[in-house]
$ cat entry-v2.csv   # CSV, N, CA and C atoms
chain,number,residue,atom,x,y,z
A,139,MET,N,-8.0,2.6,26.9
A,139,MET,CA,-8.7,1.8,26.0
A,139,MET,C,-9.5,2.8,25.0
A,140,LEU,N,-9.5,2.4,23.8
A,140,LEU,CA,-10.2,3.1,22.8
A,140,LEU,C,-11.3,2.2,22.2
A,141,ASP,N,-12.5,2.8,22.0
A,141,ASP,CA,-13.6,2.0,21.4
A,141,ASP,C,-13.4,2.2,19.9
A,142,ILE,N,-14.1,1.3,19.1
A,142,ILE,CA,-13.9,1.3,17.7
A,142,ILE,C,-14.3,2.6,17.0
A,143,GLY,N,-15.3,3.3,17.6
A,143,GLY,CA,-15.6,4.6,17.1
A,143,GLY,C,-14.5,5.6,17.2
A,144,GLN,N,-13.8,5.6,18.4
A,144,GLN,CA,-12.7,6.5,18.6
A,144,GLN,C,-11.5,6.2,17.6
A,145,VAL,N,-11.3,4.9,17.4
A,145,VAL,CA,-10.2,4.5,16.5
A,145,VAL,C,-10.5,5.0,15.1
A,146,THR,N,-11.8,4.9,14.7
A,146,THR,CA,-12.1,5.3,13.3
A,146,THR,C,-12.0,6.8,13.2
A,147,LYS,N,-12.4,7.6,14.2
A,147,LYS,CA,-12.2,9.0,14.2
A,147,LYS,C,-10.8,9.4,14.2
A,148,MET,N,-9.9,8.8,14.9
A,148,MET,CA,-8.5,9.1,15.0
A,148,MET,C,-7.7,8.8,13.8
A,149,THR,N,-8.1,7.7,13.1
A,149,THR,CA,-7.3,7.2,12.0
A,149,THR,C,-8.0,7.4,10.6
A,150,GLY,N,-9.3,7.6,10.6
A,150,GLY,CA,-10.0,7.7,9.3
A,150,GLY,C,-10.2,6.3,8.7
A,151,ILE,N,-9.8,5.3,9.4
A,151,ILE,CA,-10.1,3.9,8.9
A,151,ILE,C,-11.4,3.5,9.4
A,152,ASN,N,-12.3,3.0,8.4
A,152,ASN,CA,-13.6,2.7,8.8
A,152,ASN,C,-13.7,1.4,9.6
A,153,ALA,N,-14.8,1.2,10.3
A,153,ALA,CA,-15.0,0.0,11.2
A,153,ALA,C,-14.9,-1.3,10.4
A,154,SER,N,-15.5,-1.3,9.2
A,154,SER,CA,-15.4,-2.6,8.4
A,154,SER,C,-14.0,-2.9,8.1
A,155,ALA,N,-13.1,-2.0,7.8
A,155,ALA,CA,-11.7,-2.2,7.5
A,155,ALA,C,-11.0,-2.8,8.8
A,156,LEU,N,-11.4,-2.2,10.0
A,156,LEU,CA,-10.8,-2.7,11.2
A,156,LEU,C,-11.2,-4.2,11.4
A,157,ARG,N,-12.5,-4.5,11.2
A,157,ARG,CA,-12.9,-5.9,11.3
A,157,ARG,C,-12.2,-6.8,10.3
A,158,TYR,N,-12.0,-6.3,9.1
A,158,TYR,CA,-11.2,-7.1,8.1
A,158,TYR,C,-9.8,-7.3,8.6
A,159,TYR,N,-9.2,-6.3,9.1
A,159,TYR,CA,-7.8,-6.4,9.7
A,159,TYR,C,-7.8,-7.5,10.8
A,160,GLU,N,-8.8,-7.5,11.6
A,160,GLU,CA,-8.9,-8.5,12.6
A,160,GLU,C,-9.0,-9.9,12.0
A,161,SER,N,-9.8,-10.1,11.0
A,161,SER,CA,-10.0,-11.4,10.3
A,161,SER,C,-8.7,-11.8,9.7
A,162,LYS,N,-7.8,-10.9,9.3
A,162,LYS,CA,-6.5,-11.2,8.7
A,162,LYS,C,-5.4,-11.4,9.8
A,163,GLY,N,-5.8,-11.2,11.0
A,163,GLY,CA,-4.8,-11.4,12.1
A,163,GLY,C,-3.9,-10.2,12.3
A,164,LEU,N,-4.2,-9.0,11.7
A,164,LEU,CA,-3.3,-7.9,11.8
A,164,LEU,C,-3.5,-7.1,13.1
A,165,ILE,N,-4.7,-7.1,13.6
A,165,ILE,CA,-5.0,-6.4,14.9
A,165,ILE,C,-5.9,-7.3,15.7
A,166,GLN,N,-6.0,-7.1,17.0
A,166,GLN,CA,-6.8,-7.8,17.9
A,166,GLN,C,-7.5,-6.8,18.9
A,167,PRO,N,-8.8,-7.0,19.1
A,167,PRO,CA,-9.4,-6.1,20.1
A,167,PRO,C,-9.0,-6.5,21.5
A,168,ALA,N,-8.9,-5.5,22.3
A,168,ALA,CA,-8.6,-5.8,23.7
A,168,ALA,C,-9.7,-6.4,24.5
A,169,GLY,N,-10.9,-6.1,24.0
A,169,GLY,CA,-12.1,-6.6,24.6
A,169,GLY,C,-13.4,-6.1,24.0
A,170,ARG,N,-14.5,-6.4,24.6
A,170,ARG,CA,-15.8,-5.9,24.1
A,170,ARG,C,-16.7,-5.4,25.2
A,171,ASN,N,-17.5,-4.5,24.9
A,171,ASN,CA,-18.6,-4.1,25.8
A,171,ASN,C,-19.9,-4.3,25.0
A,172,GLY,N,-20.5,-5.4,25.2
A,172,GLY,CA,-21.7,-5.8,24.3
A,172,GLY,C,-21.1,-6.1,23.0
A,173,ILE,N,-21.6,-5.4,22.0
A,173,ILE,CA,-21.1,-5.7,20.6
A,173,ILE,C,-20.0,-4.7,20.2
A,174,ARG,N,-19.7,-3.8,21.0
A,174,ARG,CA,-18.7,-2.7,20.7
A,174,ARG,C,-17.3,-3.2,21.1
A,175,ARG,N,-16.4,-3.1,20.1
A,175,ARG,CA,-15.0,-3.5,20.3
A,175,ARG,C,-14.2,-2.4,20.9
A,176,TYR,N,-13.3,-2.8,21.7
A,176,TYR,CA,-12.3,-1.9,22.4
A,176,TYR,C,-10.9,-2.4,22.0
A,177,TYR,N,-10.0,-1.4,21.9
A,177,TYR,CA,-8.7,-1.7,21.5
A,177,TYR,C,-7.7,-1.0,22.5
A,178,SER,N,-6.5,-1.6,22.6
A,178,SER,CA,-5.5,-1.0,23.5
A,178,SER,C,-5.0,0.3,22.9
A,179,ASN,N,-4.4,1.1,23.6
A,179,ASN,CA,-3.9,2.4,23.1
A,179,ASN,C,-2.9,2.3,22.0
A,180,ASP,N,-2.2,1.1,21.9
A,180,ASP,CA,-1.2,1.0,20.9
A,180,ASP,C,-1.8,0.6,19.5
A,181,ILE,N,-3.1,0.6,19.4
A,181,ILE,CA,-3.8,0.3,18.1
A,181,ILE,C,-3.4,1.3,17.1
A,182,ILE,N,-3.3,2.6,17.5
A,182,ILE,CA,-3.0,3.6,16.5
A,182,ILE,C,-1.6,3.4,15.9
A,183,GLU,N,-0.6,3.0,16.7
A,183,GLU,CA,0.7,2.6,16.2
A,183,GLU,C,0.6,1.4,15.2
A,184,GLN,N,-0.1,0.4,15.6
A,184,GLN,CA,-0.3,-0.8,14.7
A,184,GLN,C,-0.9,-0.4,13.4
A,185,LEU,N,-2.0,0.4,13.4
A,185,LEU,CA,-2.6,0.8,12.2
A,185,LEU,C,-1.7,1.7,11.4
A,186,SER,N,-0.9,2.5,12.0
A,186,SER,CA,0.1,3.3,11.2
A,186,SER,C,1.1,2.4,10.5
A,187,ILE,N,1.5,1.4,11.2
A,187,ILE,CA,2.5,0.4,10.5
A,187,ILE,C,1.8,-0.3,9.4
A,188,ILE,N,0.5,-0.7,9.6
A,188,ILE,CA,-0.2,-1.3,8.5
A,188,ILE,C,-0.4,-0.4,7.3
A,189,ALA,N,-0.7,0.9,7.6
A,189,ALA,CA,-0.9,1.9,6.5
A,189,ALA,C,0.4,2.1,5.8
A,190,LEU,N,1.5,2.2,6.5
A,190,LEU,CA,2.8,2.4,5.9
A,190,LEU,C,3.2,1.2,5.0
A,191,GLY,N,2.9,0.0,5.5
A,191,GLY,CA,3.2,-1.2,4.8
A,191,GLY,C,2.4,-1.2,3.5
A,192,GLN,N,1.1,-0.9,3.6
A,192,GLN,CA,0.3,-0.9,2.3
A,192,GLN,C,0.8,0.2,1.4
A,193,LEU,N,1.2,1.4,1.9
A,193,LEU,CA,1.7,2.4,1.0
A,193,LEU,C,3.0,2.0,0.3
A,194,ALA,N,3.8,1.2,1.0
A,194,ALA,CA,5.0,0.7,0.4
A,194,ALA,C,4.8,-0.5,-0.5
A,195,GLY,N,3.6,-1.0,-0.5
A,195,GLY,CA,3.3,-2.1,-1.5
A,195,GLY,C,3.4,-3.5,-0.9
A,196,PHE,N,3.5,-3.6,0.5
A,196,PHE,CA,3.5,-4.9,1.1
A,196,PHE,C,2.0,-5.4,1.1
A,197,SER,N,1.9,-6.7,0.9
A,197,SER,CA,0.6,-7.3,1.0
A,197,SER,C,0.2,-7.4,2.5
A,198,LEU,N,-1.1,-7.6,2.8
A,198,LEU,CA,-1.6,-7.7,4.2
A,198,LEU,C,-1.0,-8.9,4.8
A,199,ASP,N,-0.8,-10.0,4.1
A,199,ASP,CA,-0.1,-11.2,4.7
A,199,ASP,C,1.3,-10.9,5.1
A,200,GLU,N,2.0,-10.1,4.2
A,200,GLU,CA,3.4,-9.7,4.6
A,200,GLU,C,3.4,-8.8,5.8
A,201,ILE,N,2.4,-7.9,5.9
A,201,ILE,CA,2.4,-7.0,7.0
A,201,ILE,C,2.0,-7.8,8.3
A,202,ALA,N,1.1,-8.7,8.2
A,202,ALA,CA,0.7,-9.5,9.3
A,202,ALA,C,1.9,-10.3,9.9
A,203,SER,N,2.8,-10.7,9.1
A,203,SER,CA,4.0,-11.5,9.5
A,203,SER,C,5.0,-10.7,10.4
A,204,ILE,N,4.9,-9.3,10.3
A,204,ILE,CA,5.8,-8.5,11.1
A,204,ILE,C,5.3,-8.4,12.6
A,205,PHE,N,4.1,-8.7,12.8
A,205,PHE,CA,3.5,-8.6,14.2
A,205,PHE,C,3.7,-10.0,14.8
A,206,THR,N,4.7,-10.0,15.7
A,206,THR,CA,5.0,-11.3,16.4
A,206,THR,C,4.6,-11.2,17.9
A,207,ASP,N,4.7,-12.3,18.6
A,207,ASP,CA,4.4,-12.3,20.0
A,207,ASP,C,5.3,-11.4,20.8
A,208,GLU,N,6.5,-11.2,20.3
A,208,GLU,CA,7.5,-10.4,20.9
A,208,GLU,C,7.4,-8.9,20.5
A,209,GLY,N,6.5,-8.6,19.6
A,209,GLY,CA,6.3,-7.2,19.1
A,209,GLY,C,6.4,-7.1,17.6
A,210,VAL,N,6.8,-5.9,17.2
A,210,VAL,CA,7.0,-5.7,15.8
A,210,VAL,C,8.4,-6.1,15.4
A,211,ASN,N,8.5,-7.0,14.4
A,211,ASN,CA,9.7,-7.5,13.9
A,211,ASN,C,9.8,-7.3,12.4
A,212,ILE,N,10.5,-6.2,12.0
A,212,ILE,CA,10.5,-5.8,10.5
A,212,ILE,C,11.9,-6.2,10.0
A,213,SER,N,12.0,-7.1,9.0
A,213,SER,CA,13.3,-7.5,8.5
A,213,SER,C,13.9,-6.3,7.7
A,214,ARG,N,15.1,-6.0,8.0
A,214,ARG,CA,15.8,-4.9,7.2
A,214,ARG,C,16.0,-5.4,5.8
A,215,GLU,N,16.2,-6.7,5.6
A,215,GLU,CA,16.4,-7.2,4.2
A,215,GLU,C,15.1,-7.0,3.4
A,216,ARG,N,14.0,-7.3,4.0
A,216,ARG,CA,12.7,-7.0,3.3
A,216,ARG,C,12.5,-5.6,3.0
A,217,LEU,N,12.9,-4.7,3.9
A,217,LEU,CA,12.7,-3.3,3.7
A,217,LEU,C,13.6,-2.8,2.6
A,218,LEU,N,14.8,-3.3,2.5
A,218,LEU,CA,15.7,-2.9,1.4
A,218,LEU,C,15.2,-3.5,0.1
A,219,THR,N,14.7,-4.7,0.1
A,219,THR,CA,14.2,-5.3,-1.2
A,219,THR,C,13.0,-4.4,-1.7
A,220,LYS,N,12.1,-4.1,-0.7
A,220,LYS,CA,10.9,-3.3,-1.1
A,220,LYS,C,11.4,-1.9,-1.6
A,221,SER,N,12.4,-1.3,-1.0
A,221,SER,CA,12.9,0.0,-1.4
A,221,SER,C,13.4,-0.1,-2.8
A,222,GLN,N,14.1,-1.2,-3.1
A,222,GLN,CA,14.6,-1.3,-4.5
A,222,GLN,C,13.5,-1.5,-5.5
A,223,GLU,N,12.4,-2.2,-5.1
A,223,GLU,CA,11.3,-2.4,-6.0
A,223,GLU,C,10.6,-1.1,-6.2
A,224,ILE,N,10.5,-0.2,-5.2
A,224,ILE,CA,9.9,1.1,-5.3
A,224,ILE,C,10.7,2.0,-6.2
A,225,GLU,N,12.0,1.9,-6.1
A,225,GLU,CA,12.9,2.7,-6.9
A,225,GLU,C,12.7,2.3,-8.4
A,226,THR,N,12.6,1.0,-8.7
A,226,THR,CA,12.4,0.6,-10.0
A,226,THR,C,11.1,1.1,-10.6
A,227,LYS,N,10.0,1.0,-9.7
A,227,LYS,CA,8.7,1.4,-10.1
A,227,LYS,C,8.7,2.9,-10.4
A,228,ILE,N,9.4,3.7,-9.6
A,228,ILE,CA,9.5,5.2,-9.8
A,228,ILE,C,10.1,5.5,-11.1
A,229,LYS,N,11.2,4.8,-11.5
A,229,LYS,CA,11.8,5.0,-12.8
A,229,LYS,C,10.9,4.6,-13.9
A,230,GLN,N,10.1,3.5,-13.8
A,230,GLN,CA,9.1,3.2,-14.8
A,230,GLN,C,8.1,4.2,-14.9
A,231,LEU,N,7.6,4.7,-13.8
A,231,LEU,CA,6.5,5.7,-13.8
A,231,LEU,C,7.0,7.1,-14.4
A,232,GLN,N,8.3,7.4,-14.1
A,232,GLN,CA,8.9,8.6,-14.7
A,232,GLN,C,9.0,8.5,-16.2
A,233,ALA,N,9.3,7.3,-16.7
A,233,ALA,CA,9.4,7.1,-18.1
A,233,ALA,C,8.0,7.2,-18.8
A,234,VAL,N,7.0,6.6,-18.1
A,234,VAL,CA,5.7,6.7,-18.6
A,234,VAL,C,5.2,8.1,-18.6
A,235,GLN,N,5.5,8.9,-17.6
A,235,GLN,CA,5.0,10.3,-17.5
A,235,GLN,C,5.6,11.1,-18.7
A,236,SER,N,6.9,10.9,-18.9
A,236,SER,CA,7.6,11.6,-20.0
A,236,SER,C,7.0,11.2,-21.3
A,237,GLY,N,6.8,9.9,-21.5
A,237,GLY,CA,6.2,9.4,-22.7
A,237,GLY,C,4.8,9.9,-23.0
A,238,LEU,N,4.0,10.0,-21.9
A,238,LEU,CA,2.6,10.5,-22.1
A,238,LEU,C,2.7,12.0,-22.4
A,239,GLN,N,3.6,12.8,-21.9
A,239,GLN,CA,3.7,14.2,-22.2
A,239,GLN,C,4.1,14.3,-23.7
A,240,LYS,N,5.0,13.5,-24.1
A,240,LYS,CA,5.5,13.6,-25.5
A,240,LYS,C,4.3,13.2,-26.5
A,241,ALA,N,3.6,12.1,-26.1
A,241,ALA,CA,2.5,11.7,-26.9
A,241,ALA,C,1.4,12.7,-27.0
A,242,ALA,N,1.1,13.4,-25.9
A,242,ALA,CA,0.1,14.4,-25.8
A,242,ALA,C,0.4,15.6,-26.7
A,243,ASN,N,1.7,15.8,-26.9
A,243,ASN,CA,2.2,17.0,-27.8
A,243,ASN,C,2.5,16.5,-29.2
A,244,CYS,N,2.3,15.3,-29.5
A,244,CYS,CA,2.6,14.7,-30.8
A,244,CYS,C,1.6,15.4,-31.9
A,245,PRO,N,2.2,15.8,-33.0
A,245,PRO,CA,1.4,16.4,-34.1
A,245,PRO,C,0.5,15.5,-34.8
A,246,HIS,N,0.7,14.2,-34.7
A,246,HIS,CA,-0.1,13.2,-35.5
A,246,HIS,C,-1.5,13.1,-34.9
A,247,SER,N,-2.5,13.0,-35.7
A,247,SER,CA,-3.9,13.0,-35.3
A,247,SER,C,-4.3,11.6,-34.7
A,248,ASN,N,-3.6,10.6,-35.1
A,248,ASN,CA,-3.8,9.3,-34.6
A,248,ASN,C,-2.5,8.9,-33.8
A,249,HIS,N,-2.7,8.6,-32.5
A,249,HIS,CA,-1.6,8.2,-31.6
A,249,HIS,C,-0.8,7.0,-32.1
A,250,LEU,N,-1.4,6.2,-32.8
A,250,LEU,CA,-0.7,5.0,-33.4
A,250,LEU,C,0.3,5.4,-34.4
A,251,ASP,N,0.2,6.6,-35.0
A,251,ASP,CA,1.2,7.1,-35.9
A,251,ASP,C,2.3,7.8,-35.2
A,252,CYS,N,2.2,8.0,-34.0
A,252,CYS,CA,3.2,8.8,-33.2
A,252,CYS,C,4.3,7.8,-32.7
A,253,LYS,N,5.6,8.1,-33.0
A,253,LYS,CA,6.7,7.3,-32.6
A,253,LYS,C,6.8,7.3,-31.1
A,254,ASN,N,6.5,8.4,-30.4
A,254,ASN,CA,6.6,8.5,-29.0
A,254,ASN,C,5.6,7.6,-28.3
A,255,PHE,N,4.4,7.6,-28.9
A,255,PHE,CA,3.3,6.7,-28.3
A,255,PHE,C,3.7,5.2,-28.5
A,256,ARG,N,4.2,4.9,-29.7
A,256,ARG,CA,4.6,3.5,-30.0
A,256,ARG,C,5.7,3.1,-29.0
A,257,ARG,N,6.7,4.0,-28.7
A,257,ARG,CA,7.7,3.7,-27.8
A,257,ARG,C,7.1,3.4,-26.4
A,258,LEU,N,6.1,4.2,-26.0
A,258,LEU,CA,5.5,4.0,-24.7
A,258,LEU,C,4.7,2.7,-24.7
A,259,MET,N,4.1,2.3,-25.8
A,259,MET,CA,3.4,1.0,-25.8
A,259,MET,C,4.4,-0.1,-25.6
A,260,LYS,N,5.6,0.0,-26.2
A,260,LYS,CA,6.7,-1.0,-26.1
A,260,LYS,C,7.2,-1.1,-24.6
A,261,LEU,N,7.3,0.1,-24.0
A,261,LEU,CA,7.7,0.1,-22.6
A,261,LEU,C,6.7,-0.5,-21.7
A,262,ALA,N,5.4,-0.3,-22.0
A,262,ALA,CA,4.4,-0.9,-21.2
A,262,ALA,C,4.4,-2.4,-21.3
A,263,ILE,N,4.5,-3.0,-22.5
A,263,ILE,CA,4.5,-4.4,-22.7
A,263,ILE,C,5.7,-5.1,-22.1
A,264,SER,N,6.9,-4.4,-22.2
A,264,SER,CA,8.1,-5.0,-21.7
A,264,SER,C,8.1,-5.0,-20.2
A,265,SER,N,7.5,-4.0,-19.5
A,265,SER,CA,7.5,-3.9,-18.1
A,265,SER,C,6.5,-5.0,-17.5
A,266,ASN,N,5.6,-5.6,-18.3
A,266,ASN,CA,4.7,-6.6,-17.8
A,266,ASN,C,5.3,-8.0,-17.9
A,267,SER,N,6.4,-8.1,-18.6
A,267,SER,CA,7.0,-9.5,-18.8
A,267,SER,C,8.1,-9.8,-17.8
$ encode --input "entry-v2.csv" --output "structure tokens"
Amino acid sequence: MLDIGQVTKMTGINASALRYYESKGLIQPAGRNGIRRYYSNDIIEQLSIIALGQLAGFSLDEIASIFTDEGVNISRERLLTKSQEIETKIKQLQAVQSGLQKAANCPHSNHLDCKNFRRLMKLAISSNS
């Protein structure tokens, strides 16, 4: 068993975030000693899955749905879909990075006069629609 302080030291996740994860149904304490929460040893693995899910862009509700009574159940289809979304986002960010570099080197004193900056503005608006 790990108390909440040990979990925060091992993971860097603060106690308020752990309590929030509890309220969202992502984790459950194994018990209490007074007001201090205790967690089973697999809490580190659960928190790692939560962190990976967040890093990949899954919502907390989506992450909560993978924790079932039978254990962790991650849909391969959802992983592939998220992977494709990330690939699209990477391409968008690479285009933005390139555009920002070109705009930074543009000889025009006003960025609105720069064709590269204008192209970047169009890319930004089209990626929001």
$ atom_distance --input "entry-v2.csv" --atom1 "CA of Gly195 (chain A)" --atom2 "CA of Leu217 (chain A)"
10.8 Å
$ atom_distance --input "entry-v2.csv" --atom1 "atom N of Asp180 (chain A)" --atom2 "atom C of Glu160 (chain A)"
16.3 Å
$ residues_around --input "entry-v2.csv" --residues "Ile181 (chain A)" --least-positions-apart "2" --cutoff "8 Å" --atoms "only N, CA and C atoms" --output "PyMOL selection string"
chain A and resi 140+145+165-166+177-179+183-187
$ select_by_dssp --input "entry-v2.csv" --residues "region 198-241 of chain A" --states "strand (DSSP E or B)" --output "list in words"
Phe205, Thr206, Gly209 and Val210 of chain A
$ atom_distance --input "entry-v2.csv" --atom1 "CA of Leu164 (chain A)" --atom2 "atom N of Ala202 (chain A)"
5.7 Å
$ residues_around --input "entry-v2.csv" --residues "Lys220 (chain A)" --least-positions-apart "4" --cutoff "8 Å" --atoms "only C-alpha atoms" --output "mmCIF file with N, CA and C atoms, in the coordinates of the input"
data_model
loop_
_atom_site.group_PDB
_atom_site.id
_atom_site.type_symbol
_atom_site.label_atom_id
_atom_site.label_comp_id
_atom_site.auth_asym_id
_atom_site.auth_seq_id
_atom_site.Cartn_x
_atom_site.Cartn_y
_atom_site.Cartn_z
ATOM 1 N N ALA A 194 3.800 1.200 1.000
ATOM 2 C CA ALA A 194 5.000 0.700 0.400
ATOM 3 C C ALA A 194 4.800 -0.500 -0.500
ATOM 4 N N GLY A 195 3.600 -1.000 -0.500
ATOM 5 C CA GLY A 195 3.300 -2.100 -1.500
ATOM 6 C C GLY A 195 3.400 -3.500 -0.900
ATOM 7 N N PHE A 196 3.500 -3.600 0.500
ATOM 8 C CA PHE A 196 3.500 -4.900 1.100
ATOM 9 C C PHE A 196 2.000 -5.400 1.100
ATOM 10 N N ARG A 216 14.000 -7.300 4.000
ATOM 11 C CA ARG A 216 12.700 -7.000 3.300
ATOM 12 C C ARG A 216 12.500 -5.600 3.000
ATOM 13 N N ILE A 224 10.500 -0.200 -5.200
ATOM 14 C CA ILE A 224 9.900 1.100 -5.300
ATOM 15 C C ILE A 224 10.700 2.000 -6.200
#
$ select_by_dssp --input "entry-v2.csv" --residues "chain A" --states "alpha helix (DSSP H)" --output "ChimeraX atom specification"
/A:142-149,153-161,181-194,198-202,214-242,253-265
$ closest_residue --input "entry-v2.csv" --among "A:Thr206, A:Asn171, A:Asn211, A:Asn254" --to "Gly237 (chain A)" --atoms "all atoms listed in the file"
A:Asn254
$ residues_around --input "entry-v2.csv" --residues "region 257-262 of chain A" --least-positions-apart "2" --cutoff "8 Å" --atoms "all atoms listed in the file" --output "list in words"
Ala233, Val234, Gly237, Leu238, Cys252, Lys253, Asn254, Phe255, Ser264, Ser265, Asn266 and Ser267 of chain A
$ residues_around --input "entry-v2.csv" --residues "region 149-152 of chain A" --least-positions-apart "5" --cutoff "8 Å" --atoms "all atoms listed in the file" --output "ChimeraX atom specification"
/A:142-144,157-158,182,185-186
